[in-house]
>>> print(open('input_8.cif').read())   # mmCIF, C-alpha atoms and all ligand atoms; chains and numbers go by the auth columns
data_coords
#
loop_
_atom_site.group_PDB
_atom_site.id
_atom_site.type_symbol
_atom_site.label_atom_id
_atom_site.label_comp_id
_atom_site.label_asym_id
_atom_site.label_seq_id
_atom_site.Cartn_x
_atom_site.Cartn_y
_atom_site.Cartn_z
_atom_site.B_iso_or_equiv
_atom_site.auth_seq_id
_atom_site.auth_asym_id
ATOM 1 C CA MET A 1 -56.020 -71.996 -46.438 0.00 869 X
ATOM 2 C CA GLU A 2 -53.827 -74.854 -45.287 0.00 870 X
ATOM 3 C CA ASP A 3 -52.161 -75.753 -48.559 0.00 871 X
ATOM 4 C CA CYS A 4 -51.806 -72.271 -50.022 0.00 872 X
ATOM 5 C CA ILE A 5 -48.202 -71.136 -50.411 0.00 873 X
ATOM 6 C CA PHE A 6 -49.187 -67.456 -50.427 0.00 874 X
ATOM 7 C CA CYS A 7 -51.251 -67.861 -47.236 0.00 875 X
ATOM 8 C CA LYS A 8 -48.145 -69.401 -45.678 0.00 876 X
ATOM 9 C CA ILE A 9 -46.027 -66.471 -46.875 0.00 877 X
ATOM 10 C CA ILE A 10 -48.592 -64.004 -45.509 0.00 878 X
ATOM 11 C CA GLY A 11 -48.595 -65.861 -42.197 0.00 879 X
ATOM 12 C CA GLY A 12 -44.790 -65.927 -42.046 0.00 880 X
ATOM 13 C CA ASP A 13 -44.598 -69.731 -42.221 0.00 881 X
ATOM 14 C CA ILE A 14 -42.635 -69.564 -45.485 0.00 882 X
ATOM 15 C CA PRO A 15 -39.906 -66.936 -45.805 0.00 883 X
ATOM 16 C CA SER A 16 -40.218 -64.170 -48.366 0.00 884 X
ATOM 17 C CA THR A 17 -38.857 -60.736 -49.010 0.00 885 X
ATOM 18 C CA LYS A 18 -41.696 -58.475 -47.918 0.00 886 X
ATOM 19 C CA VAL A 19 -41.432 -54.896 -49.133 0.00 887 X
ATOM 20 C CA TYR A 20 -44.742 -53.736 -47.643 0.00 888 X
ATOM 21 C CA GLU A 21 -47.422 -55.027 -45.298 0.00 889 X
ATOM 22 C CA ASP A 22 -50.615 -53.654 -43.813 0.00 890 X
ATOM 23 C CA GLU A 23 -53.967 -55.034 -42.677 0.00 891 X
ATOM 24 C CA ASP A 24 -55.158 -55.670 -46.254 0.00 892 X
ATOM 25 C CA MET A 25 -52.126 -56.977 -48.131 0.00 893 X
ATOM 26 C CA VAL A 26 -48.488 -57.842 -48.336 0.00 894 X
ATOM 27 C CA ILE A 27 -46.197 -56.990 -51.236 0.00 895 X
ATOM 28 C CA ILE A 28 -43.287 -59.396 -51.740 0.00 896 X
ATOM 29 C CA LYS A 29 -40.473 -59.811 -54.238 0.00 897 X
ATOM 30 C CA ASP A 30 -41.218 -62.517 -56.805 0.00 898 X
ATOM 31 C CA ILE A 31 -38.807 -65.415 -56.396 0.00 899 X
ATOM 32 C CA ALA A 32 -38.273 -65.639 -60.183 0.00 900 X
ATOM 33 C CA PRO A 33 -38.227 -62.033 -61.383 0.00 901 X
ATOM 34 C CA GLN A 34 -39.266 -61.304 -64.957 0.00 902 X
ATOM 35 C CA ALA A 35 -38.331 -57.595 -64.796 0.00 903 X
ATOM 36 C CA PRO A 36 -35.826 -55.447 -62.858 0.00 904 X
ATOM 37 C CA VAL A 37 -38.604 -54.879 -60.322 0.00 905 X
ATOM 38 C CA HIS A 38 -41.015 -57.803 -60.017 0.00 906 X
ATOM 39 C CA LEU A 39 -43.288 -57.713 -57.003 0.00 907 X
ATOM 40 C CA LEU A 40 -46.425 -59.606 -56.051 0.00 908 X
ATOM 41 C CA LEU A 41 -49.337 -57.894 -54.331 0.00 909 X
ATOM 42 C CA LEU A 42 -51.072 -60.500 -52.169 0.00 910 X
ATOM 43 C CA PRO A 43 -54.395 -59.677 -50.530 0.00 911 X
ATOM 44 C CA LYS A 44 -54.380 -61.245 -47.068 0.00 912 X
ATOM 45 C CA GLN A 45 -57.776 -62.842 -47.606 0.00 913 X
ATOM 46 C CA HIS A 46 -57.598 -66.069 -49.557 0.00 914 X
ATOM 47 C CA TYR A 47 -59.588 -66.258 -52.783 0.00 915 X
ATOM 48 C CA PRO A 48 -58.450 -67.974 -55.947 0.00 916 X
ATOM 49 C CA ASP A 49 -58.315 -65.329 -58.656 0.00 917 X
ATOM 50 C CA ILE A 50 -59.349 -61.947 -60.002 0.00 918 X
ATOM 51 C CA ILE A 51 -62.938 -62.951 -60.803 0.00 919 X
ATOM 52 C CA ALA A 52 -63.655 -64.921 -57.621 0.00 920 X
ATOM 53 C CA MET A 53 -63.929 -62.027 -55.213 0.00 921 X
ATOM 54 C CA SER A 54 -66.908 -60.818 -53.192 0.00 922 X
ATOM 55 C CA ASP A 55 -68.018 -57.178 -53.266 0.00 923 X
ATOM 56 C CA GLU A 56 -66.196 -56.611 -49.999 0.00 924 X
ATOM 57 C CA GLN A 57 -63.016 -58.230 -51.338 0.00 925 X
ATOM 58 C CA ALA A 58 -63.295 -56.048 -54.460 0.00 926 X
ATOM 59 C CA GLN A 59 -63.428 -52.971 -52.246 0.00 927 X
ATOM 60 C CA THR A 60 -60.384 -54.201 -50.350 0.00 928 X
ATOM 61 C CA LEU A 61 -58.521 -54.795 -53.601 0.00 929 X
ATOM 62 C CA ALA A 62 -59.395 -51.289 -54.796 0.00 930 X
ATOM 63 C CA ARG A 63 -57.981 -49.942 -51.521 0.00 931 X
ATOM 64 C CA CYS A 64 -54.801 -51.989 -52.084 0.00 932 X
ATOM 65 C CA LEU A 65 -54.358 -50.577 -55.591 0.00 933 X
ATOM 66 C CA LYS A 66 -54.898 -47.053 -54.320 0.00 934 X
ATOM 67 C CA LYS A 67 -52.212 -47.596 -51.682 0.00 935 X
ATOM 68 C CA LEU A 68 -49.910 -49.083 -54.328 0.00 936 X
ATOM 69 C CA SER A 69 -50.366 -45.982 -56.469 0.00 937 X
ATOM 70 C CA ALA A 70 -49.099 -43.882 -53.562 0.00 938 X
ATOM 71 C CA MET A 71 -45.857 -45.840 -53.144 0.00 939 X
ATOM 72 C CA THR A 72 -44.641 -46.380 -56.713 0.00 940 X
ATOM 73 C CA ALA A 73 -41.610 -44.111 -56.251 0.00 941 X
ATOM 74 C CA GLU A 74 -40.356 -45.932 -53.177 0.00 942 X
ATOM 75 C CA LEU A 75 -40.784 -49.259 -54.985 0.00 943 X
ATOM 76 C CA GLY A 76 -38.590 -48.082 -57.883 0.00 944 X
ATOM 77 C CA LEU A 77 -41.454 -47.753 -60.341 0.00 945 X
ATOM 78 C CA GLU A 78 -41.162 -44.046 -61.214 0.00 946 X
ATOM 79 C CA GLY A 79 -40.809 -44.742 -64.944 0.00 947 X
ATOM 80 C CA GLY A 80 -44.000 -46.761 -65.153 0.00 948 X
ATOM 81 C CA PHE A 81 -45.113 -50.268 -64.394 0.00 949 X
ATOM 82 C CA ARG A 82 -47.344 -53.098 -65.545 0.00 950 X
ATOM 83 C CA LEU A 83 -49.924 -54.947 -63.452 0.00 951 X
ATOM 84 C CA VAL A 84 -50.785 -58.519 -64.436 0.00 952 X
ATOM 85 C CA SER A 85 -53.098 -61.012 -62.790 0.00 953 X
ATOM 86 C CA ASN A 86 -53.162 -64.437 -64.378 0.00 954 X
ATOM 87 C CA LYS A 87 -56.449 -66.340 -64.130 0.00 955 X
ATOM 88 C CA GLY A 88 -56.721 -69.990 -65.060 0.00 956 X
ATOM 89 C CA ALA A 89 -54.804 -72.518 -67.091 0.00 957 X
ATOM 90 C CA ASP A 90 -54.689 -70.581 -70.379 0.00 958 X
ATOM 91 C CA ALA A 91 -52.950 -67.748 -68.536 0.00 959 X
ATOM 92 C CA CYS A 92 -50.608 -70.193 -66.744 0.00 960 X
ATOM 93 C CA GLN A 93 -51.829 -69.240 -63.268 0.00 961 X
ATOM 94 C CA SER A 94 -49.710 -71.380 -60.947 0.00 962 X
ATOM 95 C CA VAL A 95 -50.806 -70.249 -57.479 0.00 963 X
ATOM 96 C CA GLY A 96 -54.511 -70.247 -56.580 0.00 964 X
ATOM 97 C CA HIS A 97 -54.479 -67.205 -54.309 0.00 965 X
ATOM 98 C CA LEU A 98 -55.179 -63.908 -56.016 0.00 966 X
ATOM 99 C CA HIS A 99 -51.952 -62.086 -56.753 0.00 967 X
ATOM 100 C CA ILE A 100 -51.144 -59.076 -58.855 0.00 968 X
ATOM 101 C CA HIS A 101 -47.761 -59.047 -60.546 0.00 969 X
ATOM 102 C CA ILE A 102 -46.144 -55.602 -60.440 0.00 970 X
ATOM 103 C CA LEU A 103 -43.495 -55.309 -63.146 0.00 971 X
ATOM 104 C CA GLY A 104 -41.238 -52.355 -63.812 0.00 972 X
ATOM 105 C CA GLY A 105 -37.919 -50.811 -62.926 0.00 973 X
ATOM 106 C CA GLY A 106 -36.883 -50.513 -66.575 0.00 974 X
ATOM 107 C CA GLN A 107 -38.170 -50.767 -70.132 0.00 975 X
ATOM 108 C CA LEU A 108 -40.607 -53.666 -70.502 0.00 976 X
ATOM 109 C CA ALA A 109 -41.348 -55.533 -73.727 0.00 977 X
ATOM 110 C CA ASP A 110 -44.038 -53.763 -75.715 0.00 978 X
ATOM 111 C CA LYS A 111 -45.986 -56.960 -76.380 0.00 979 X
ATOM 112 C CA MET A 112 -47.404 -59.584 -74.056 0.00 980 X
ATOM 113 C CA GLY A 113 -48.418 -63.104 -74.840 0.00 981 X
HETATM 114 P P1 LIG B . -48.692 -67.056 -61.527 0.00 1001 T
HETATM 115 O O1 LIG B . -47.931 -67.958 -62.427 0.00 1001 T
HETATM 116 O O2 LIG B . -49.309 -65.876 -62.201 0.00 1001 T
HETATM 117 O O3 LIG B . -49.667 -67.827 -60.657 0.00 1001 T
HETATM 118 O O4 LIG B . -47.607 -66.397 -60.565 0.00 1001 T
HETATM 119 C C1 LIG B . -47.079 -67.035 -59.451 0.00 1001 T
HETATM 120 C C2 LIG B . -45.801 -66.321 -59.136 0.00 1001 T
HETATM 121 O O5 LIG B . -45.429 -66.644 -57.816 0.00 1001 T
HETATM 122 C C3 LIG B . -44.626 -66.685 -60.034 0.00 1001 T
HETATM 123 O O6 LIG B . -44.135 -65.512 -60.679 0.00 1001 T
HETATM 124 C C4 LIG B . -43.605 -67.285 -59.073 0.00 1001 T
HETATM 125 O O7 LIG B . -42.280 -66.949 -59.408 0.00 1001 T
HETATM 126 C C5 LIG B . -44.032 -66.675 -57.759 0.00 1001 T
HETATM 127 N N1 LIG B . -43.678 -67.438 -56.589 0.00 1001 T
HETATM 128 C C6 LIG B . -43.913 -68.747 -56.349 0.00 1001 T
HETATM 129 N N2 LIG B . -43.457 -69.113 -55.136 0.00 1001 T
HETATM 130 C C7 LIG B . -42.930 -67.992 -54.575 0.00 1001 T
HETATM 131 C C8 LIG B . -42.289 -67.711 -53.340 0.00 1001 T
HETATM 132 N N3 LIG B . -42.107 -68.658 -52.399 0.00 1001 T
HETATM 133 N N4 LIG B . -41.872 -66.440 -53.110 0.00 1001 T
HETATM 134 C C9 LIG B . -42.046 -65.492 -54.039 0.00 1001 T
HETATM 135 N N5 LIG B . -42.647 -65.687 -55.235 0.00 1001 T
HETATM 136 C C10 LIG B . -43.063 -66.922 -55.515 0.00 1001 T
#
>>> encode(input="input_8.cif", output="C-alpha cells")
Amino acid sequence: MEDCIFCKIIGGDIPSTKVYEDEDMVIIKDIAPQAPVHLLLLPKQHYPDIIAMSDEQAQTLARCLKKLSAMTAELGLEGGFRLVSNKGADACQSVGHLHIHILGGGQLADKMG
C-alpha cells in the first residue's frame, strides 16, 4: 500500500529498529514506547485491522504468534507480556495496517482503558 507507513517500514523505505524479520512478519521497536519493552508485530501483508483478515491471513497471524511465543526470552519478555491490537477510532487506532503491540520488560499497570 503506497501510503501505509508500516508497509514502508516493512519495505525498508522508512527506517526502523527491526528486532526480527521472516517471510510472514517483522517485529520493530515502537517509536514511542509505553513500557520498558514495547514492540510492534507487523504482518507483511497489508490489511487494516484485527477483524479485516482473510482465512489465509488469520493462519499467517497464528503462525506469527506461535513464532513470537518461541522468542519471548530473547526479546526480554521472560516475566510476562501483554498483546494489544487497537481497532478503530474508539480504540485510538492510528495506523491502518494490522499491528500487535507487545508490551513487557517490567511490571505493567493492572488496568487498561
Ligand atoms: P496504534 O495507535 O494502535 O495504531 O499504534 C500505532 C503505533 O505505531 C504507536 O504506538 C506509534 O508509536 C507507533 N509508530 C508510529 N510510527 C512509527 C514508526 N515510524 N516506527 C515505530 N513505531 C511507530
>>> residues_near_ligand(input="input_8.cif", ligand="ligand LIG 1001 (chain T)", cutoff="9 Å", atoms="only C-alpha atoms and all ligand atoms", output="mmCIF file with C-alpha atoms, keeping the file's coordinate frame")
data_model
loop_
_atom_site.group_PDB
_atom_site.id
_atom_site.type_symbol
_atom_site.label_atom_id
_atom_site.label_comp_id
_atom_site.auth_asym_id
_atom_site.auth_seq_id
_atom_site.Cartn_x
_atom_site.Cartn_y
_atom_site.Cartn_z
ATOM 1 C CA ILE X 873 -48.202 -71.136 -50.411
ATOM 2 C CA PHE X 874 -49.187 -67.456 -50.427
ATOM 3 C CA ILE X 877 -46.027 -66.471 -46.875
ATOM 4 C CA ILE X 882 -42.635 -69.564 -45.485
ATOM 5 C CA PRO X 883 -39.906 -66.936 -45.805
ATOM 6 C CA SER X 884 -40.218 -64.170 -48.366
ATOM 7 C CA THR X 885 -38.857 -60.736 -49.010
ATOM 8 C CA ILE X 896 -43.287 -59.396 -51.740
ATOM 9 C CA LYS X 897 -40.473 -59.811 -54.238
ATOM 10 C CA ASP X 898 -41.218 -62.517 -56.805
ATOM 11 C CA ILE X 899 -38.807 -65.415 -56.396
ATOM 12 C CA ALA X 900 -38.273 -65.639 -60.183
ATOM 13 C CA PRO X 901 -38.227 -62.033 -61.383
ATOM 14 C CA GLN X 902 -39.266 -61.304 -64.957
ATOM 15 C CA HIS X 906 -41.015 -57.803 -60.017
ATOM 16 C CA LEU X 907 -43.288 -57.713 -57.003
ATOM 17 C CA LEU X 908 -46.425 -59.606 -56.051
ATOM 18 C CA VAL X 952 -50.785 -58.519 -64.436
ATOM 19 C CA SER X 953 -53.098 -61.012 -62.790
ATOM 20 C CA ASN X 954 -53.162 -64.437 -64.378
ATOM 21 C CA LYS X 955 -56.449 -66.340 -64.130
ATOM 22 C CA GLY X 956 -56.721 -69.990 -65.060
ATOM 23 C CA ALA X 959 -52.950 -67.748 -68.536
ATOM 24 C CA CYS X 960 -50.608 -70.193 -66.744
ATOM 25 C CA GLN X 961 -51.829 -69.240 -63.268
ATOM 26 C CA SER X 962 -49.710 -71.380 -60.947
ATOM 27 C CA VAL X 963 -50.806 -70.249 -57.479
ATOM 28 C CA GLY X 964 -54.511 -70.247 -56.580
ATOM 29 C CA HIS X 965 -54.479 -67.205 -54.309
ATOM 30 C CA LEU X 966 -55.179 -63.908 -56.016
ATOM 31 C CA HIS X 967 -51.952 -62.086 -56.753
ATOM 32 C CA ILE X 968 -51.144 -59.076 -58.855
ATOM 33 C CA HIS X 969 -47.761 -59.047 -60.546
#
>>> resolve_selection(input="input_8.cif", expression="the PyMOL selection byres (((chain X and resi 890) around 12) and not hetatm)", output="VMD selection string")
chain X and resid 878 886 to 889 891 to 895 909 to 912 928 931 to 932 935 to 936
>>> axis_aligned_box(input="input_8.cif", around="stretch 923-926 of chain X", padding_each_side="3 Å", output="AutoDock Vina command-line options")
--center_x -65.5 --center_y -57.1 --center_z -52.2 --size_x 11.0 --size_y 8.2 --size_z 10.5
>>> closest_residue(input="input_8.cif", among="X:Pro904, X:Pro916, X:Gly879, X:Gly981", to="X:Gly944", atoms="all atoms listed in the file")
X:Pro904
>>> resolve_selection(input="input_8.cif", expression="the PyMOL selection byres (((chain X and resi 945-949) around 8) and not hetatm)", output="ChimeraX atom specification")
/X:905,940-944,950-951,970-974
>>> atom_distance(input="input_8.cif", atom1="atom CA of X:Ala926", atom2="atom CA of X:Gln913")
11.1 Å
>>> closest_residue(input="input_8.cif", among="X:Met939, X:Ala903, X:Met921, X:Leu933", to="X:Leu976", atoms="all atoms listed in the file")
X:Ala903
>>> build_atoms(input="input_8.cif", residues="stretch 899-924 of chain X", atoms="N, CA and C atoms", output="PDB file, in the coordinates of the input")
ATOM      1  N   ILE X 899     -39.997 -64.572 -56.527  1.00  0.00           N
ATOM      2  CA  ILE X 899     -38.807 -65.415 -56.396  1.00  0.00           C
ATOM      3  C   ILE X 899     -38.121 -65.649 -57.749  1.00  0.00           C
ATOM      4  N   ALA X 900     -38.837 -65.440 -58.842  1.00  0.00           N
ATOM      5  CA  ALA X 900     -38.273 -65.639 -60.183  1.00  0.00           C
ATOM      6  C   ALA X 900     -38.574 -64.404 -61.031  1.00  0.00           C
ATOM      7  N   PRO X 901     -37.856 -63.318 -60.771  1.00  0.00           N
ATOM      8  CA  PRO X 901     -38.227 -62.033 -61.383  1.00  0.00           C
ATOM      9  C   PRO X 901     -38.163 -62.018 -62.906  1.00  0.00           C
ATOM     10  N   GLN X 902     -39.174 -61.425 -63.495  1.00  0.00           N
ATOM     11  CA  GLN X 902     -39.266 -61.304 -64.957  1.00  0.00           C
ATOM     12  C   GLN X 902     -39.001 -59.871 -65.410  1.00  0.00           C
ATOM     13  N   ALA X 903     -38.609 -59.006 -64.489  1.00  0.00           N
ATOM     14  CA  ALA X 903     -38.331 -57.595 -64.796  1.00  0.00           C
ATOM     15  C   ALA X 903     -37.414 -57.095 -63.685  1.00  0.00           C
ATOM     16  N   PRO X 904     -36.721 -55.958 -63.904  1.00  0.00           N
ATOM     17  CA  PRO X 904     -35.826 -55.447 -62.858  1.00  0.00           C
ATOM     18  C   PRO X 904     -36.531 -55.298 -61.507  1.00  0.00           C
ATOM     19  N   VAL X 905     -37.765 -54.847 -61.525  1.00  0.00           N
ATOM     20  CA  VAL X 905     -38.604 -54.879 -60.322  1.00  0.00           C
ATOM     21  C   VAL X 905     -39.770 -55.815 -60.616  1.00  0.00           C
ATOM     22  N   HIS X 906     -39.892 -56.870 -59.841  1.00  0.00           N
ATOM     23  CA  HIS X 906     -41.015 -57.803 -60.017  1.00  0.00           C
ATOM     24  C   HIS X 906     -41.536 -58.140 -58.621  1.00  0.00           C
ATOM     25  N   LEU X 907     -42.676 -57.555 -58.315  1.00  0.00           N
ATOM     26  CA  LEU X 907     -43.288 -57.713 -57.003  1.00  0.00           C
ATOM     27  C   LEU X 907     -44.617 -58.428 -57.158  1.00  0.00           C
ATOM     28  N   LEU X 908     -45.098 -58.981 -56.070  1.00  0.00           N
ATOM     29  CA  LEU X 908     -46.425 -59.606 -56.051  1.00  0.00           C
ATOM     30  C   LEU X 908     -47.241 -58.960 -54.944  1.00  0.00           C
ATOM     31  N   LEU X 909     -48.389 -58.419 -55.324  1.00  0.00           N
ATOM     32  CA  LEU X 909     -49.337 -57.894 -54.331  1.00  0.00           C
ATOM     33  C   LEU X 909     -50.264 -59.036 -53.948  1.00  0.00           C
ATOM     34  N   LEU X 910     -50.256 -59.385 -52.670  1.00  0.00           N
ATOM     35  CA  LEU X 910     -51.072 -60.500 -52.169  1.00  0.00           C
ATOM     36  C   LEU X 910     -52.107 -59.978 -51.180  1.00  0.00           C
ATOM     37  N   PRO X 911     -53.384 -59.979 -51.546  1.00  0.00           N
ATOM     38  CA  PRO X 911     -54.395 -59.677 -50.530  1.00  0.00           C
ATOM     39  C   PRO X 911     -54.310 -60.714 -49.412  1.00  0.00           C
ATOM     40  N   LYS X 912     -54.505 -60.292 -48.181  1.00  0.00           N
ATOM     41  CA  LYS X 912     -54.380 -61.245 -47.068  1.00  0.00           C
ATOM     42  C   LYS X 912     -55.500 -62.275 -47.067  1.00  0.00           C
ATOM     43  N   GLN X 913     -56.675 -61.873 -47.540  1.00  0.00           N
ATOM     44  CA  GLN X 913     -57.776 -62.842 -47.606  1.00  0.00           C
ATOM     45  C   GLN X 913     -57.529 -63.798 -48.759  1.00  0.00           C
ATOM     46  N   HIS X 914     -57.787 -65.077 -48.495  1.00  0.00           N
ATOM     47  CA  HIS X 914     -57.598 -66.069 -49.557  1.00  0.00           C
ATOM     48  C   HIS X 914     -58.824 -66.134 -50.473  1.00  0.00           C
ATOM     49  N   TYR X 915     -58.614 -65.898 -51.752  1.00  0.00           N
ATOM     50  CA  TYR X 915     -59.588 -66.258 -52.783  1.00  0.00           C
ATOM     51  C   TYR X 915     -58.799 -66.515 -54.048  1.00  0.00           C
ATOM     52  N   PRO X 916     -59.325 -67.358 -54.945  1.00  0.00           N
ATOM     53  CA  PRO X 916     -58.450 -67.974 -55.947  1.00  0.00           C
ATOM     54  C   PRO X 916     -57.966 -67.071 -57.074  1.00  0.00           C
ATOM     55  N   ASP X 917     -58.734 -66.080 -57.466  1.00  0.00           N
ATOM     56  CA  ASP X 917     -58.315 -65.329 -58.656  1.00  0.00           C
ATOM     57  C   ASP X 917     -59.120 -64.039 -58.773  1.00  0.00           C
ATOM     58  N   ILE X 918     -58.844 -63.313 -59.836  1.00  0.00           N
ATOM     59  CA  ILE X 918     -59.349 -61.947 -60.002  1.00  0.00           C
ATOM     60  C   ILE X 918     -60.870 -61.885 -60.213  1.00  0.00           C
ATOM     61  N   ILE X 919     -61.489 -63.004 -60.608  1.00  0.00           N
ATOM     62  CA  ILE X 919     -62.938 -62.951 -60.803  1.00  0.00           C
ATOM     63  C   ILE X 919     -63.700 -63.671 -59.695  1.00  0.00           C
ATOM     64  N   ALA X 920     -62.993 -64.123 -58.664  1.00  0.00           N
ATOM     65  CA  ALA X 920     -63.655 -64.921 -57.621  1.00  0.00           C
ATOM     66  C   ALA X 920     -64.043 -64.097 -56.405  1.00  0.00           C
ATOM     67  N   MET X 921     -63.809 -62.801 -56.453  1.00  0.00           N
ATOM     68  CA  MET X 921     -63.929 -62.027 -55.213  1.00  0.00           C
ATOM     69  C   MET X 921     -65.356 -61.555 -54.931  1.00  0.00           C
ATOM     70  N   SER X 922     -65.641 -61.395 -53.638  1.00  0.00           N
ATOM     71  CA  SER X 922     -66.908 -60.818 -53.192  1.00  0.00           C
ATOM     72  C   SER X 922     -66.848 -59.298 -53.370  1.00  0.00           C
ATOM     73  N   ASP X 923     -68.001 -58.646 -53.187  1.00  0.00           N
ATOM     74  CA  ASP X 923     -68.018 -57.178 -53.266  1.00  0.00           C
ATOM     75  C   ASP X 923     -67.056 -56.576 -52.244  1.00  0.00           C
ATOM     76  N   GLU X 924     -67.067 -57.147 -51.048  1.00  0.00           N
ATOM     77  CA  GLU X 924     -66.196 -56.611 -49.999  1.00  0.00           C
ATOM     78  C   GLU X 924     -64.714 -56.815 -50.363  1.00  0.00           C
TER      79      GLU X 924
END
